[in-house]
Amino acid sequence: MADNIKKINPYDYAYTSGRVRALETKLLNSQKTQRLFELTTIDDVSRFLVECGYSASNNPEDSIQRSLSDSYDIINSFLPDKEFIYALLLIHEFHNAKVIIKSLLQTNITKTENQTRDKEIFKILIHPSITEPQKLIEIIREQRYGELANYFVNAIKDSLSEYQTTSDASSIDRIMDNAYFEKLQEIATYLGNDFFKKYCSFRSDSTNLGILLRMRGLKATPSLYQKSLVPGGEVNINKLVSLYNADNDEIRSAFNGTLCEKIAISVTDSANSISISEYGRICDNNLMSLMREANKVLFGPEIAIAYLVVKEMQTKNINIVLTCIRNKIPAEIAKQYMREAF
């Protein structure tokens, strides 16, 4: 990727913006999202999805996966700057690599066991991704690294090397996450779009705030906390390091003026500790607020970015409902996990 900033012309997005505005009308609104979280059977969800334009399927998870993949393909077919798609899919690529790497730590298994393992791995990989998930399993297992980008290969090798030294599987997450956010920031800088840079900064800041809360709760060592922090946020690493033993007022002050300001206030004002799932919900709802800013833009990449992020959120909501139904979790509890609609 070139060192200079790519000059993106918003007027090149006139056609794209019109196409995406049409697609937005098919997103689940607040009323439909509320209805989704009142469904009580898998068959109800399947019928609801068909009503909302999803393809019919015996397995609703397959239907929503195809719909998300199709959305990326459609946007990619007319998006002037494909790097935005690449950047949005990057988190899926790194997630998949982490899952595959950890699964391969188990050695001395038979060919049949290996095939069974691959099938189980495939179920928890995210689609779509930059590299087709089944292919990525084969590439990493067979070390055909020439088929992957250098920065990605380096992250995989570094995480494996660290694990061989420490036998600590969490080091894989730390190294891969750091590489992901570093690459995301590089792409954001290159593209130079203010909205996308805000999105990427939010991702980094919200991740670091979550790491701070989690590490403090676990009473982890300051050195482990520091190694877990990721680059790219508005709050710099040195400041974040100093927050480990800080009081709530200092934490709120550090995030003041960032897109995570309201999140910092919310989680530090809470009388009880925030669970990982609740923190994720709070972050996602704040992310949705950022995506709504795209509606203020007449045309530009903002509209396409927002559409795909919202589609991801919609997919997450449907998966939450399916998981709650399969685990017999009451609808009123499922609603507590609901993400806001667009």
# chains A, B, ... in the order shown; residues from 1 in each chain; ligands from 1
>>> residues_around(residues="Asn4 (chain A)", least_positions_apart="2", cutoff="12 Å", atoms="only C-alpha atoms", output="ChimeraX atom specification")
/A:1-2,6-7,186-192
>>> write_last_selection(atoms="C-alpha atoms", output="compact mmCIF listing (two decimals), in the first residue's frame")
# COMPACT_ATOMS: atom_id res chain seq x y z
CA MET A 1 0.00 0.00 0.00
CA ALA A 2 1.37 3.38 -0.99
CA LYS A 6 -5.39 8.26 -1.49
CA LYS A 7 -7.53 11.11 -2.80
CA GLU A 186 -2.70 1.92 8.21
CA ILE A 187 -5.61 1.49 5.80
CA ALA A 188 -7.61 4.27 7.47
CA THR A 189 -4.67 6.66 7.17
CA TYR A 190 -4.16 5.74 3.52
CA LEU A 191 -7.83 6.21 2.61
CA GLY A 192 -7.99 9.53 4.45
>>> closest_residue(among="A:Ala264, A:Leu322, A:Met313, A:Ile237", to="Glu250 (chain A)", atoms="only C-alpha atoms")
A:Ala264
>>> atom_distance(atom1="CA of Arg339 (chain A)", atom2="CA of Glu24 (chain A)")
17.1 Å
>>> atom_distance(atom1="CA of Val309 (chain A)", atom2="CA of Met338 (chain A)")
15.7 Å
>>> residues_around(residues="region 275-285 of chain A", least_positions_apart="4", cutoff="12 Å", atoms="only C-alpha atoms", output="PyMOL selection string")
chain A and resi 199+202-215+217+259-268+270+289-292+309-310+312-314+316-317+320+334-342
>>> residues_around(residues="Pro231 (chain A)", least_positions_apart="3", cutoff="12 Å", atoms="only C-alpha atoms", output="PyMOL selection string")
chain A and resi 174-175+177-186+200-208+226-228+234-238+240
>>> closest_atom_pairs(of="region 227-328 of chain A", to="region 67-87 of chain A", cutoff="9 Å", atoms="only C-alpha atoms", output="Markdown table")
| residue | atom | partner | partner_atom | distance |
| --- | --- | --- | --- | --- |
| A:Pro301 | CA | A:Leu79 | CA | 8.0 |
| A:Ala304 | CA | A:Ile75 | CA | 7.0 |
| A:Ile305 | CA | A:Phe84 | CA | 7.3 |
| A:Tyr307 | CA | A:Ser71 | CA | 9.0 |
| A:Leu308 | CA | A:Tyr72 | CA | 7.1 |
| A:Lys311 | CA | A:Leu68 | CA | 6.8 |
| A:Glu312 | CA | A:Leu68 | CA | 7.1 |
| A:Thr315 | CA | A:Leu68 | CA | 7.3 |
>>> write_last_selection(atoms="N, CA and C atoms", output="PDB file, in the first residue's frame")
ATOM      1  N   PRO A 301     -18.337   7.544   0.561  1.00  0.00           N
ATOM      2  CA  PRO A 301     -18.137   6.178   1.063  1.00  0.00           C
ATOM      3  C   PRO A 301     -18.824   5.929   2.394  1.00  0.00           C
ATOM      4  N   ALA A 304     -22.003   3.638   2.218  1.00  0.00           N
ATOM      5  CA  ALA A 304     -21.749   2.206   2.008  1.00  0.00           C
ATOM      6  C   ALA A 304     -21.146   1.569   3.257  1.00  0.00           C
ATOM      7  N   ILE A 305     -20.221   2.278   3.911  1.00  0.00           N
ATOM      8  CA  ILE A 305     -19.612   1.762   5.146  1.00  0.00           C
ATOM      9  C   ILE A 305     -20.693   1.527   6.194  1.00  0.00           C
ATOM     10  N   TYR A 307     -23.886   1.112   5.825  1.00  0.00           N
ATOM     11  CA  TYR A 307     -24.813   0.034   5.460  1.00  0.00           C
ATOM     12  C   TYR A 307     -24.244  -1.325   5.864  1.00  0.00           C
ATOM     13  N   LEU A 308     -22.979  -1.573   5.552  1.00  0.00           N
ATOM     14  CA  LEU A 308     -22.385  -2.880   5.857  1.00  0.00           C
ATOM     15  C   LEU A 308     -22.224  -3.093   7.358  1.00  0.00           C
ATOM     16  N   LYS A 311     -25.655  -3.854   8.626  1.00  0.00           N
ATOM     17  CA  LYS A 311     -26.022  -5.215   8.221  1.00  0.00           C
ATOM     18  C   LYS A 311     -25.356  -6.242   9.144  1.00  0.00           C
ATOM     19  N   GLU A 312     -24.112  -5.984   9.516  1.00  0.00           N
ATOM     20  CA  GLU A 312     -23.415  -6.857  10.468  1.00  0.00           C
ATOM     21  C   GLU A 312     -24.150  -6.857  11.810  1.00  0.00           C
ATOM     22  N   THR A 315     -27.279  -8.846  11.593  1.00  0.00           N
ATOM     23  CA  THR A 315     -26.933 -10.271  11.631  1.00  0.00           C
ATOM     24  C   THR A 315     -26.668 -10.720  13.063  1.00  0.00           C
TER      25      THR A 315
END
>>> atom_distance(atom1="CA of Leu148 (chain A)", atom2="CA of Asn96 (chain A)")
13.5 Å
>>> decode(residues="region 271-305 of chain A", atoms="N, CA and C atoms", output="PDB file, in the first residue's frame")
ATOM      1  N   ALA A 271     -23.043   0.810  39.228  1.00  0.00           N
ATOM      2  CA  ALA A 271     -22.798   0.327  40.594  1.00  0.00           C
ATOM      3  C   ALA A 271     -22.201  -1.073  40.588  1.00  0.00           C
ATOM      4  N   ASN A 272     -22.519  -1.836  39.545  1.00  0.00           N
ATOM      5  CA  ASN A 272     -22.014  -3.206  39.433  1.00  0.00           C
ATOM      6  C   ASN A 272     -21.028  -3.313  38.274  1.00  0.00           C
ATOM      7  N   SER A 273     -20.170  -4.308  38.331  1.00  0.00           N
ATOM      8  CA  SER A 273     -19.229  -4.516  37.233  1.00  0.00           C
ATOM      9  C   SER A 273     -19.995  -4.898  35.976  1.00  0.00           C
ATOM     10  N   ILE A 274     -19.490  -4.455  34.832  1.00  0.00           N
ATOM     11  CA  ILE A 274     -20.135  -4.715  33.552  1.00  0.00           C
ATOM     12  C   ILE A 274     -19.602  -6.018  32.963  1.00  0.00           C
ATOM     13  N   SER A 275     -20.511  -6.905  32.551  1.00  0.00           N
ATOM     14  CA  SER A 275     -20.082  -8.153  31.928  1.00  0.00           C
ATOM     15  C   SER A 275     -19.552  -7.877  30.526  1.00  0.00           C
ATOM     16  N   ILE A 276     -18.823  -8.832  29.969  1.00  0.00           N
ATOM     17  CA  ILE A 276     -18.276  -8.677  28.622  1.00  0.00           C
ATOM     18  C   ILE A 276     -19.408  -8.507  27.617  1.00  0.00           C
ATOM     19  N   SER A 277     -20.484  -9.292  27.765  1.00  0.00           N
ATOM     20  CA  SER A 277     -21.598  -9.201  26.819  1.00  0.00           C
ATOM     21  C   SER A 277     -22.306  -7.853  26.926  1.00  0.00           C
ATOM     22  N   GLU A 278     -22.473  -7.342  28.144  1.00  0.00           N
ATOM     23  CA  GLU A 278     -23.118  -6.043  28.318  1.00  0.00           C
ATOM     24  C   GLU A 278     -22.240  -4.925  27.771  1.00  0.00           C
ATOM     25  N   TYR A 279     -20.932  -5.041  27.988  1.00  0.00           N
ATOM     26  CA  TYR A 279     -20.026  -4.030  27.445  1.00  0.00           C
ATOM     27  C   TYR A 279     -20.089  -4.027  25.928  1.00  0.00           C
ATOM     28  N   GLY A 280     -20.147  -5.210  25.342  1.00  0.00           N
ATOM     29  CA  GLY A 280     -20.260  -5.301  23.885  1.00  0.00           C
ATOM     30  C   GLY A 280     -21.526  -4.644  23.376  1.00  0.00           C
ATOM     31  N   ARG A 281     -22.636  -4.834  24.095  1.00  0.00           N
ATOM     32  CA  ARG A 281     -23.901  -4.221  23.691  1.00  0.00           C
ATOM     33  C   ARG A 281     -23.817  -2.697  23.756  1.00  0.00           C
ATOM     34  N   ILE A 282     -23.232  -2.176  24.815  1.00  0.00           N
ATOM     35  CA  ILE A 282     -23.084  -0.721  24.963  1.00  0.00           C
ATOM     36  C   ILE A 282     -22.239  -0.155  23.823  1.00  0.00           C
ATOM     37  N   CYS A 283     -21.138  -0.830  23.512  1.00  0.00           N
ATOM     38  CA  CYS A 283     -20.264  -0.369  22.425  1.00  0.00           C
ATOM     39  C   CYS A 283     -20.983  -0.419  21.080  1.00  0.00           C
ATOM     40  N   ASP A 284     -21.713  -1.495  20.841  1.00  0.00           N
ATOM     41  CA  ASP A 284     -22.420  -1.635  19.568  1.00  0.00           C
ATOM     42  C   ASP A 284     -23.475  -0.538  19.396  1.00  0.00           C
ATOM     43  N   ASN A 285     -24.181  -0.203  20.470  1.00  0.00           N
ATOM     44  CA  ASN A 285     -25.192   0.847  20.374  1.00  0.00           C
ATOM     45  C   ASN A 285     -24.563   2.210  20.115  1.00  0.00           C
ATOM     46  N   ASN A 286     -23.393   2.444  20.683  1.00  0.00           N
ATOM     47  CA  ASN A 286     -22.690   3.703  20.394  1.00  0.00           C
ATOM     48  C   ASN A 286     -22.165   3.708  18.961  1.00  0.00           C
ATOM     49  N   LEU A 287     -21.770   2.541  18.483  1.00  0.00           N
ATOM     50  CA  LEU A 287     -21.328   2.437  17.095  1.00  0.00           C
ATOM     51  C   LEU A 287     -22.488   2.737  16.147  1.00  0.00           C
ATOM     52  N   MET A 288     -23.685   2.287  16.509  1.00  0.00           N
ATOM     53  CA  MET A 288     -24.859   2.569  15.685  1.00  0.00           C
ATOM     54  C   MET A 288     -25.128   4.071  15.614  1.00  0.00           C
ATOM     55  N   SER A 289     -24.873   4.768  16.700  1.00  0.00           N
ATOM     56  CA  SER A 289     -25.040   6.233  16.686  1.00  0.00           C
ATOM     57  C   SER A 289     -24.095   6.864  15.679  1.00  0.00           C
ATOM     58  N   LEU A 290     -22.874   6.353  15.612  1.00  0.00           N
ATOM     59  CA  LEU A 290     -21.904   6.858  14.644  1.00  0.00           C
ATOM     60  C   LEU A 290     -22.375   6.557  13.218  1.00  0.00           C
ATOM     61  N   MET A 291     -22.920   5.370  13.008  1.00  0.00           N
ATOM     62  CA  MET A 291     -23.371   5.003  11.665  1.00  0.00           C
ATOM     63  C   MET A 291     -24.521   5.900  11.188  1.00  0.00           C
ATOM     64  N   ARG A 292     -25.323   6.370  12.120  1.00  0.00           N
ATOM     65  CA  ARG A 292     -26.435   7.245  11.733  1.00  0.00           C
ATOM     66  C   ARG A 292     -25.946   8.577  11.169  1.00  0.00           C
ATOM     67  N   GLU A 293     -24.712   8.931  11.466  1.00  0.00           N
ATOM     68  CA  GLU A 293     -24.138  10.151  10.897  1.00  0.00           C
ATOM     69  C   GLU A 293     -24.068  10.062   9.375  1.00  0.00           C
ATOM     70  N   ALA A 294     -23.993   8.840   8.867  1.00  0.00           N
ATOM     71  CA  ALA A 294     -23.906   8.654   7.414  1.00  0.00           C
ATOM     72  C   ALA A 294     -25.137   9.209   6.708  1.00  0.00           C
ATOM     73  N   ASN A 295     -26.267   9.255   7.387  1.00  0.00           N
ATOM     74  CA  ASN A 295     -27.498   9.760   6.776  1.00  0.00           C
ATOM     75  C   ASN A 295     -27.425  11.259   6.493  1.00  0.00           C
ATOM     76  N   LYS A 296     -26.455  11.921   7.111  1.00  0.00           N
ATOM     77  CA  LYS A 296     -26.302  13.353   6.890  1.00  0.00           C
ATOM     78  C   LYS A 296     -25.486  13.647   5.624  1.00  0.00           C
ATOM     79  N   VAL A 297     -24.888  12.606   5.059  1.00  0.00           N
ATOM     80  CA  VAL A 297     -24.036  12.762   3.886  1.00  0.00           C
ATOM     81  C   VAL A 297     -24.869  12.554   2.624  1.00  0.00           C
ATOM     82  N   LEU A 298     -24.705  13.442   1.662  1.00  0.00           N
ATOM     83  CA  LEU A 298     -25.451  13.322   0.405  1.00  0.00           C
ATOM     84  C   LEU A 298     -24.929  12.150  -0.412  1.00  0.00           C
ATOM     85  N   PHE A 299     -23.616  12.099  -0.599  1.00  0.00           N
ATOM     86  CA  PHE A 299     -22.987  10.941  -1.227  1.00  0.00           C
ATOM     87  C   PHE A 299     -21.531  10.877  -0.807  1.00  0.00           C
ATOM     88  N   GLY A 300     -21.022   9.650  -0.750  1.00  0.00           N
ATOM     89  CA  GLY A 300     -19.654   9.408  -0.298  1.00  0.00           C
ATOM     90  C   GLY A 300     -19.538   7.992   0.233  1.00  0.00           C
ATOM     91  N   PRO A 301     -18.337   7.544   0.561  1.00  0.00           N
ATOM     92  CA  PRO A 301     -18.137   6.178   1.063  1.00  0.00           C
ATOM     93  C   PRO A 301     -18.824   5.929   2.394  1.00  0.00           C
ATOM     94  N   GLU A 302     -19.130   7.008   3.136  1.00  0.00           N
ATOM     95  CA  GLU A 302     -19.774   6.869   4.440  1.00  0.00           C
ATOM     96  C   GLU A 302     -21.039   6.020   4.370  1.00  0.00           C
ATOM     97  N   ILE A 303     -21.828   6.220   3.323  1.00  0.00           N
ATOM     98  CA  ILE A 303     -23.127   5.553   3.205  1.00  0.00           C
ATOM     99  C   ILE A 303     -22.954   4.045   3.043  1.00  0.00           C
ATOM    100  N   ALA A 304     -22.003   3.638   2.218  1.00  0.00           N
ATOM    101  CA  ALA A 304     -21.749   2.206   2.008  1.00  0.00           C
ATOM    102  C   ALA A 304     -21.146   1.569   3.257  1.00  0.00           C
ATOM    103  N   ILE A 305     -20.221   2.278   3.911  1.00  0.00           N
ATOM    104  CA  ILE A 305     -19.612   1.762   5.146  1.00  0.00           C
ATOM    105  C   ILE A 305     -20.693   1.527   6.194  1.00  0.00           C
TER     106      ILE A 305
END
